[in-house]
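Notes follow once the structure below has been shown.
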Amino acid sequence: MLNVNDTIQQNRDDQKFVSIIIPTFNESMNIRDLLNQIQTHIPVETNVEIIIVDDNSPDGTGHIVEKYIEEKMNMQDYDLKTESQSKSDFNKNISIKVIHRKEKAGLIAALVNGIGSSRGKNVLIMDADFSHPPEVINRMISELKKQPNCIIVGSRYVRGGAINGMPLKRFLLSVGANFIARHGLSLRNVYDPMSGFFAFPKHALEDVEFNTNGFKILLEILIKKKSDICVKEIPYTFKDRKYGQSKLNLPIIFDYLKAVWKLYRYGRKSKRQDTQSEKRRSVRFISKAARFYTVGASGVALNYLVSILLSNGIFGSLGYLQATAIGIAVSVTTNFLLNKFWTFEDKNVETTRFIKQYGMFVGCSSLGILIQFLSIYLLSESGMSYDISLLLGVSIASVSNFLFNKKLTFKENIWE
């Protein structure tokens, strides 16, 4: 577990208003221009420190920052010696430092390291690849001054926000991860909990222990400080990187899913009023899931049997497409009936309600099929073998199918 309180080294005589933490790994083509642009967009009267946390980048990112700092100091010394009245390229209220880490040990660990060594009473976190526009920093600082006890989140999904230039695969993964975070972890009041561009008062991290390997620290903060701090989202336009390579890969996806599970368990534990009742809810959830998948397996068997009997069996000699269509219709209908009366124990057969539920069940089942195809496509395109992609795709689709029907068709709380 990582705890910011264990590493904070505040110098109260020289405390900055905000510390900008930028984790880097192989950002040599971006970092100098980014530092220049950040300084251009910070108000002259605002005391700021910029902390680069470099994970021993093979391309020398950390050493480039060191050279940049040296150039800045030499320029300031020159201005002082010559009593130059010309406007310097650098804001005198901004300091820059670099933290060299010996190895790449995870994004959250890098950020905790940076926050722990910061001197700002507030912290602003952003990426080094220009996906987070420096021109938005000024507004985030202004919002922090107006609302000193809020998390200010740069949001792609509130009105005015946008995503430009992101490849389709990454876009779908981003939207999917955001959906899981908002609905699976009950963060529906935050539109972009997966943002990596946000600012907050450092005291908000008191007593927060970070124990996930997820690549988005904001998600963990929102879950663990949900009842203690407000959130304000401001729009920005996300732009895909121009130089360098994306850090998103399969291990990061798995780390994210594990992090969501840990945070879900944390949220349930924090809400727990009675251990026994919590256990009974879990048993009910597992029992309904088991029934749902049992019904699904029976539907597959029924679909196959009906299609065979209608295409070349004793009940007819239809073409294979017609037989398959009827088989699907029969299996979907029987699945709906069994799930309604057995899985979710819904005995209400009022006509309008019944028809709406049936339509919603068909819609959720169709959505599950779409999710399966998209999952298989994304995983296969990322380099995973088709066999493994198929297995994971079917698993993801079946889980989403169950959760969608539980929530949307039969109007039950998802996690009970």
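Order determines the names: the first chain of the structure tokens is A, the second B, and so forth; residues in each chain are numbered 1 upward, and ligands are numbered 1 upward as they are shown.
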Residue neighbourhood Tyr304 of chain A, 12 Å, only C-alpha atoms, exclusion window fewer than 4 positions, as a ChimeraX atom specification:
/A:297-300,308-311,313,320,323-331
Determine which residues of segment 293-386 of chain A receive a DSSP assignment of alpha helix (DSSP H), computed from the backbone, and state them as a PyMOL selection string.
chain A and resi 293-312+320-338+351-381+386
Between A:Val399, A:Ile388, A:Leu305, A:Leu173, smallest distance to Tyr293 of chain A by only C-alpha atoms belongs to A:Val399
Computed interatomic separation between atom CA of Ala110 of chain A and atom CA of Lys16 of chain A (Å):
20.3 Å
Shell around Val158 of chain A at 9 Å using only C-alpha atoms, local window under 5 positions removed, as a list of chain:residue names
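What passes the distance filter is A:Tyr191, A:Asp192, A:Glu233, A:Ile234, A:Pro235, A:Tyr236.
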